[in-house]
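Below is input_18.pdb, holding PDB, C-alpha atoms and all ligand atoms.
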ATOM      1  CA  MET A   1     -23.088 -34.359  12.932
ATOM      2  CA  LEU A   2     -21.717 -35.377   9.525
ATOM      3  CA  ASN A   3     -25.014 -37.144   8.793
ATOM      4  CA  ILE A   4     -26.916 -33.878   8.722
ATOM      5  CA  ILE A   5     -24.665 -32.468   5.984
ATOM      6  CA  ASP A   6     -25.982 -32.968   2.494
ATOM      7  CA  LYS A   7     -23.917 -35.149   0.110
ATOM      8  CA  ALA A   8     -23.328 -32.206  -2.236
ATOM      9  CA  GLU A   9     -22.083 -30.073   0.660
ATOM     10  CA  LYS A  10     -19.690 -32.828   1.742
ATOM     11  CA  ARG A  11     -18.358 -33.008  -1.816
ATOM     12  CA  VAL A  12     -17.811 -29.223  -1.875
ATOM     13  CA  LEU A  13     -16.013 -29.393   1.496
ATOM     14  CA  VAL A  14     -13.724 -32.195   0.284
ATOM     15  CA  ILE A  15     -12.933 -30.402  -3.005
ATOM     16  CA  THR A  16     -12.272 -27.131  -1.155
ATOM     17  CA  GLY A  17      -9.971 -28.914   1.294
ATOM     18  CA  LEU A  18      -8.061 -30.566  -1.555
ATOM     19  CA  LEU A  19      -7.693 -27.231  -3.394
ATOM     20  CA  LEU A  20      -6.453 -25.569  -0.220
ATOM     21  CA  ALA A  21      -3.881 -28.345   0.256
ATOM     22  CA  LEU A  22      -2.813 -27.945  -3.398
ATOM     23  CA  PHE A  23      -2.332 -24.175  -2.978
ATOM     24  CA  VAL A  24      -0.287 -24.582   0.197
ATOM     25  CA  PHE A  25       1.804 -27.299  -1.466
ATOM     26  CA  SER A  26       2.363 -25.052  -4.536
ATOM     27  CA  ILE A  27       3.637 -22.188  -2.379
ATOM     28  CA  LEU A  28       5.993 -24.450  -0.428
ATOM     29  CA  TYR A  29       7.176 -26.130  -3.647
ATOM     30  CA  ALA A  30       7.932 -22.746  -5.296
ATOM     31  CA  LYS A  31       9.737 -21.582  -2.164
ATOM     32  CA  GLY A  32      11.953 -24.682  -2.198
ATOM     33  CA  LYS A  33      12.522 -25.291  -5.900
ATOM     34  CA  TYR A  34      12.697 -21.718  -7.215
ATOM     35  CA  LYS A  35      14.126 -20.202  -4.042
ATOM     36  CA  THR A  36      11.174 -17.808  -4.036
ATOM     37  CA  ASP A  37      11.346 -15.447  -1.122
ATOM     38  CA  LEU A  38       7.959 -15.053   0.502
ATOM     39  CA  PRO A  39       7.319 -11.407   1.347
ATOM     40  CA  GLU A  40       7.040 -10.653   5.022
ATOM     41  CA  CYS A  41       5.440  -7.845   7.003
ATOM     42  CA  LEU A  42       7.607  -5.978   9.491
ATOM     43  CA  PRO A  43       6.496  -3.818  12.403
ATOM     44  CA  TYR A  44       5.995  -0.241  11.250
ATOM     45  CA  ASP A  45       8.859   2.134  11.875
ATOM     46  CA  LYS A  46       9.211   5.676  10.542
ATOM     47  CA  ALA A  47      12.849   4.894   9.631
ATOM     48  CA  TYR A  48      11.554   2.924   6.631
ATOM     49  CA  THR A  49       9.727   5.924   5.173
ATOM     50  CA  GLU A  50      12.952   7.660   4.106
ATOM     51  CA  PRO A  51      13.808   6.381   0.597
ATOM     52  CA  LYS A  52      17.412   5.262   0.190
ATOM     53  CA  LEU A  53      19.817   2.629  -1.090
ATOM     54  CA  VAL A  54      22.136   1.191   1.562
ATOM     55  CA  LYS A  55      25.237  -0.800   0.631
ATOM     56  CA  LEU A  56      25.979  -3.432   3.287
ATOM     57  CA  ASP A  57      28.878  -5.010   1.397
ATOM     58  CA  GLU A  58      30.077  -5.579  -2.191
ATOM     59  CA  HIS A  59      27.001  -7.607  -3.192
ATOM     60  CA  THR A  60      24.460  -6.977  -0.458
ATOM     61  CA  TYR A  61      22.145  -3.985  -0.552
ATOM     62  CA  GLN A  62      19.033  -2.669   1.146
ATOM     63  CA  VAL A  63      16.488  -0.528  -0.666
ATOM     64  CA  PHE A  64      14.054   1.498   1.401
ATOM     65  CA  ALA A  65      11.404   1.978  -1.297
ATOM     66  CA  VAL A  66       8.604   4.466  -0.810
ATOM     67  CA  ALA A  67       5.580   4.581  -3.095
ATOM     68  CA  GLN A  68       3.445   7.689  -3.403
ATOM     69  CA  MET A  69       1.178   9.232  -6.007
ATOM     70  CA  TRP A  70       2.682   8.702  -8.598
ATOM     71  CA  SER A  71       6.256   7.633  -8.219
ATOM     72  CA  PHE A  72       8.607   5.276  -6.468
ATOM     73  CA  GLN A  73      11.608   6.577  -4.564
ATOM     74  CA  PRO A  74      14.423   5.871  -5.156
ATOM     75  CA  SER A  75      13.512   5.843  -8.843
ATOM     76  CA  GLU A  76      16.875   4.508 -10.096
ATOM     77  CA  ILE A  77      18.762   1.824  -8.208
ATOM     78  CA  TYR A  78      22.279   1.064  -9.463
ATOM     79  CA  ILE A  79      23.787  -2.222  -8.289
ATOM     80  CA  PRO A  80      26.464  -4.633  -9.566
ATOM     81  CA  VAL A  81      25.586  -8.026 -11.037
ATOM     82  CA  GLY A  82      25.248 -10.813  -8.470
ATOM     83  CA  SER A  83      23.767  -8.500  -5.866
ATOM     84  CA  GLU A  84      21.233  -9.563  -3.294
ATOM     85  CA  VAL A  85      18.832  -6.781  -2.431
ATOM     86  CA  ASP A  86      16.434  -6.527   0.498
ATOM     87  CA  PHE A  87      13.488  -4.331  -0.487
ATOM     88  CA  PHE A  88      11.628  -2.646   2.373
ATOM     89  CA  LEU A  89       8.450  -1.188   0.927
ATOM     90  CA  THR A  90       5.891   1.257   2.240
ATOM     91  CA  SER A  91       3.482   3.883   0.922
ATOM     92  CA  LYS A  92       3.001   7.537   1.808
ATOM     93  CA  ASP A  93      -0.649   7.636   0.757
ATOM     94  CA  VAL A  94      -2.863   5.022  -0.895
ATOM     95  CA  VAL A  95      -2.249   1.361  -1.735
ATOM     96  CA  HIS A  96       0.225   0.872  -4.578
ATOM     97  CA  GLY A  97       1.572  -2.221  -6.306
ATOM     98  CA  PHE A  98       5.230  -3.166  -6.568
ATOM     99  CA  ASN A  99       6.083  -5.526  -9.403
ATOM    100  CA  ILE A 100       9.625  -6.097 -10.670
ATOM    101  CA  THR A 101       9.489  -7.254 -14.269
ATOM    102  CA  GLU A 102      11.386 -10.461 -15.029
ATOM    103  CA  LYS A 103      11.427 -11.269 -11.324
ATOM    104  CA  ASN A 104       8.723 -13.082  -9.454
ATOM    105  CA  ILE A 105       8.064 -10.120  -7.189
ATOM    106  CA  ASN A 106       4.556  -8.921  -6.489
ATOM    107  CA  MET A 107       4.035  -6.870  -3.362
ATOM    108  CA  MET A 108       1.712  -4.165  -2.154
ATOM    109  CA  ALA A 109       2.834  -0.850  -0.732
ATOM    110  CA  ILE A 110       0.489   0.033   2.114
ATOM    111  CA  TYR A 111       0.468   3.149   4.262
ATOM    112  CA  GLY A 112       1.532   2.289   7.810
ATOM    113  CA  ASN A 113       2.935  -1.103   6.783
ATOM    114  CA  ILE A 114       6.397  -2.344   5.857
ATOM    115  CA  ASN A 115       6.674  -5.250   3.436
ATOM    116  CA  LYS A 116      10.007  -6.921   2.825
ATOM    117  CA  THR A 117      11.346  -9.244   0.183
ATOM    118  CA  THR A 118      14.799 -10.268  -1.015
ATOM    119  CA  VAL A 119      15.753 -10.383  -4.684
ATOM    120  CA  ARG A 120      18.939 -11.611  -6.319
ATOM    121  CA  PHE A 121      20.051 -10.013  -9.593
ATOM    122  CA  ASP A 122      22.321 -12.476 -11.416
ATOM    123  CA  LYS A 123      22.018 -11.034 -14.910
ATOM    124  CA  PRO A 124      22.967  -7.546 -16.053
ATOM    125  CA  GLY A 125      20.130  -5.435 -17.380
ATOM    126  CA  VAL A 126      17.447  -2.926 -16.562
ATOM    127  CA  TYR A 127      14.573  -4.244 -14.462
ATOM    128  CA  ASP A 128      11.456  -2.102 -14.414
ATOM    129  CA  ILE A 129       9.475  -1.672 -11.238
ATOM    130  CA  ILE A 130       5.841  -0.892 -11.990
ATOM    131  CA  CYS A 131       2.733  -0.211  -9.977
ATOM    132  CA  HIS A 132       0.089  -2.833 -10.693
ATOM    133  CA  GLU A 133      -2.642  -1.523  -8.386
ATOM    134  CA  TYR A 134      -4.740   1.291  -9.805
ATOM    135  CA  CYS A 135      -3.908   4.236  -7.567
ATOM    136  CA  GLY A 136      -5.261   7.265  -9.385
ATOM    137  CA  LEU A 137      -4.889   9.439 -12.466
ATOM    138  CA  GLY A 138      -1.091   9.150 -12.822
ATOM    139  CA  HIS A 139      -0.952   5.419 -12.099
ATOM    140  CA  GLN A 140       0.323   4.489 -15.569
ATOM    141  CA  ASN A 141       3.430   6.655 -15.105
ATOM    142  CA  MET A 142       4.400   5.084 -11.822
ATOM    143  CA  LYS A 143       7.667   3.247 -12.324
ATOM    144  CA  ALA A 144      11.260   2.914 -11.233
ATOM    145  CA  GLN A 145      14.239   0.910 -12.408
ATOM    146  CA  VAL A 146      16.824  -1.453 -10.985
ATOM    147  CA  ILE A 147      19.903  -1.000 -13.171
ATOM    148  CA  VAL A 148      22.294  -3.919 -12.879
ATOM    149  CA  ASN A 149      25.903  -3.538 -13.993
ATOM    150  CA  PHE A 150      25.637  -0.227 -15.770
ATOM    151  CA  PRO A 151      27.548   2.811 -14.526
ATOM    152  CA  ARG A 152      25.564   5.662 -13.046
ATOM    153  CA  PRO A 153      25.475   8.585 -15.512
ATOM    154  CA  LYS A 154      27.453  11.662 -14.405
TER     155      LYS A 154
HETATM  156 CU    CU A 201      -0.634   2.645  -9.342
END

Output the file's structure in the form of structure tokens.
Amino acid sequence: MLNIIDKAEKRVLVITGLLLALFVFSILYAKGKYKTDLPECLPYDKAYTEPKLVKLDEHTYQVFAVAQMWSFQPSEIYIPVGSEVDFFLTSKDVVHGFNITEKNINMMAIYGNINKTTVRFDKPGVYDIICHEYCGLGHQNMKAQVIVNFPRPK
């Protein structure tokens, strides 16, 4: 069987296989060395479509983030430094992006899907969440903020 494959095709197959192995290795290396949390998909449940911030304990939070044209809810998330936050993300309409600046987070908000990732915020500051998938006319205004170690304004 291998004899009927052209030499050039064999070369392409070998190179493709090596690249695939390199990509898989890179992902596993990043997961181990940089403690990168790989996003996961959860079974859809309407409970995730209600935007909210849930405090589990002093430094553990859950954010039920909902993207829709053209905003994220909740739009301001106040947490203390050292917090670990589980983000559960979904969309109410079209596909949106979910990128947290200064964090290695890049997810998609998809209608009927729940994506989850965990992020640790060890430094105080304001982390912008932006949409990086073109989703319509107001796309450029679509943002939210994670505000670490600043008091909520009254
Ligand atoms: Cu967008």

Given all atoms listed in the file as the counted atoms, nearest of A:Ser83, A:Gln68, A:Ser75, A:Asn104 to ligand CU 201 (chain A): A:Gln68

Option closest in space to ligand CU 201 (chain A), from A:Thr90, A:Tyr111, A:Ile129, A:Met69 [counting all atoms listed in the file]: A:Met69

Residue contacts of Ala67 in chain A (7 Å, all atoms listed in the file) excluding same-chain residues fewer than 2 positions away, as JSON, numbers by chain: {"A": [65, 71, 72, 73, 90, 91, 92, 96, 109]}

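Taking all atoms listed in the file into account, ligand CU 201 (chain A) lies nearest to A:Glu133 out of the set A:Glu133, A:Asp86, A:Asp6, A:Asp128.
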
Evaluate the PyMOL selection byres (((not hetatm)) within 6 of (chain A and resi 201)) and report residues as a PyMOL selection string: chain A and resi 96+131-135+139

Lys52 in chain A surroundings by all atoms listed in the file, 12 Å radius, close-in-sequence under 4 positions cut, as a PyMOL selection string: chain A and resi 47-48+61-66+72-78+86-89

Between CA of Pro39 in chain A and CA of Asn115 in chain A, distance in Å (one decimal): 6.5 Å

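Nearest residue to Val126 in chain A among A:Gly82, A:Gly138, A:Thr101, A:Val94 is A:Thr101, counting all atoms listed in the file.
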
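Evaluated against this file, the PyMOL selection byres (((chain A and resi 98) around 6) and not hetatm) yields Gly97, Asn99, Asn106, Met107, Met108, Ile130 and Cys131 of chain A.
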
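The residues returned by the PyMOL selection byres (((chain A and resi 79-81) around 10) and not hetatm) on the shown structure are A:Leu53, A:Lys55, A:Glu58, A:His59, A:Thr60, A:Tyr61, A:Glu76, A:Ile77, A:Tyr78, A:Gly82, A:Ser83, A:Glu84, A:Val85, A:Arg120, A:Phe121, A:Asp122, A:Lys123, A:Pro124, A:Gly125, A:Val146, A:Ile147, A:Val148, A:Asn149, A:Phe150, A:Pro151, A:Arg152.
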
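For the pair CA of Val54 in chain A and CA of Val119 in chain A, the separation is 14.6 Å.
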
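Nearest residue to Thr117 in chain A among A:Phe23, A:Thr16, A:Lys10, A:Ile105 is A:Ile105, counting all atoms listed in the file.
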
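The two atoms in question, CA of Asn113 in chain A and CA of Gln145 in chain A, are spaced 22.4 Å apart.
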
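Closest approach to Gln140 in chain A from the set A:Trp70, A:Gly17, A:Asp45, A:Leu28 is made by A:Trp70, with distances taken over all atoms listed in the file.
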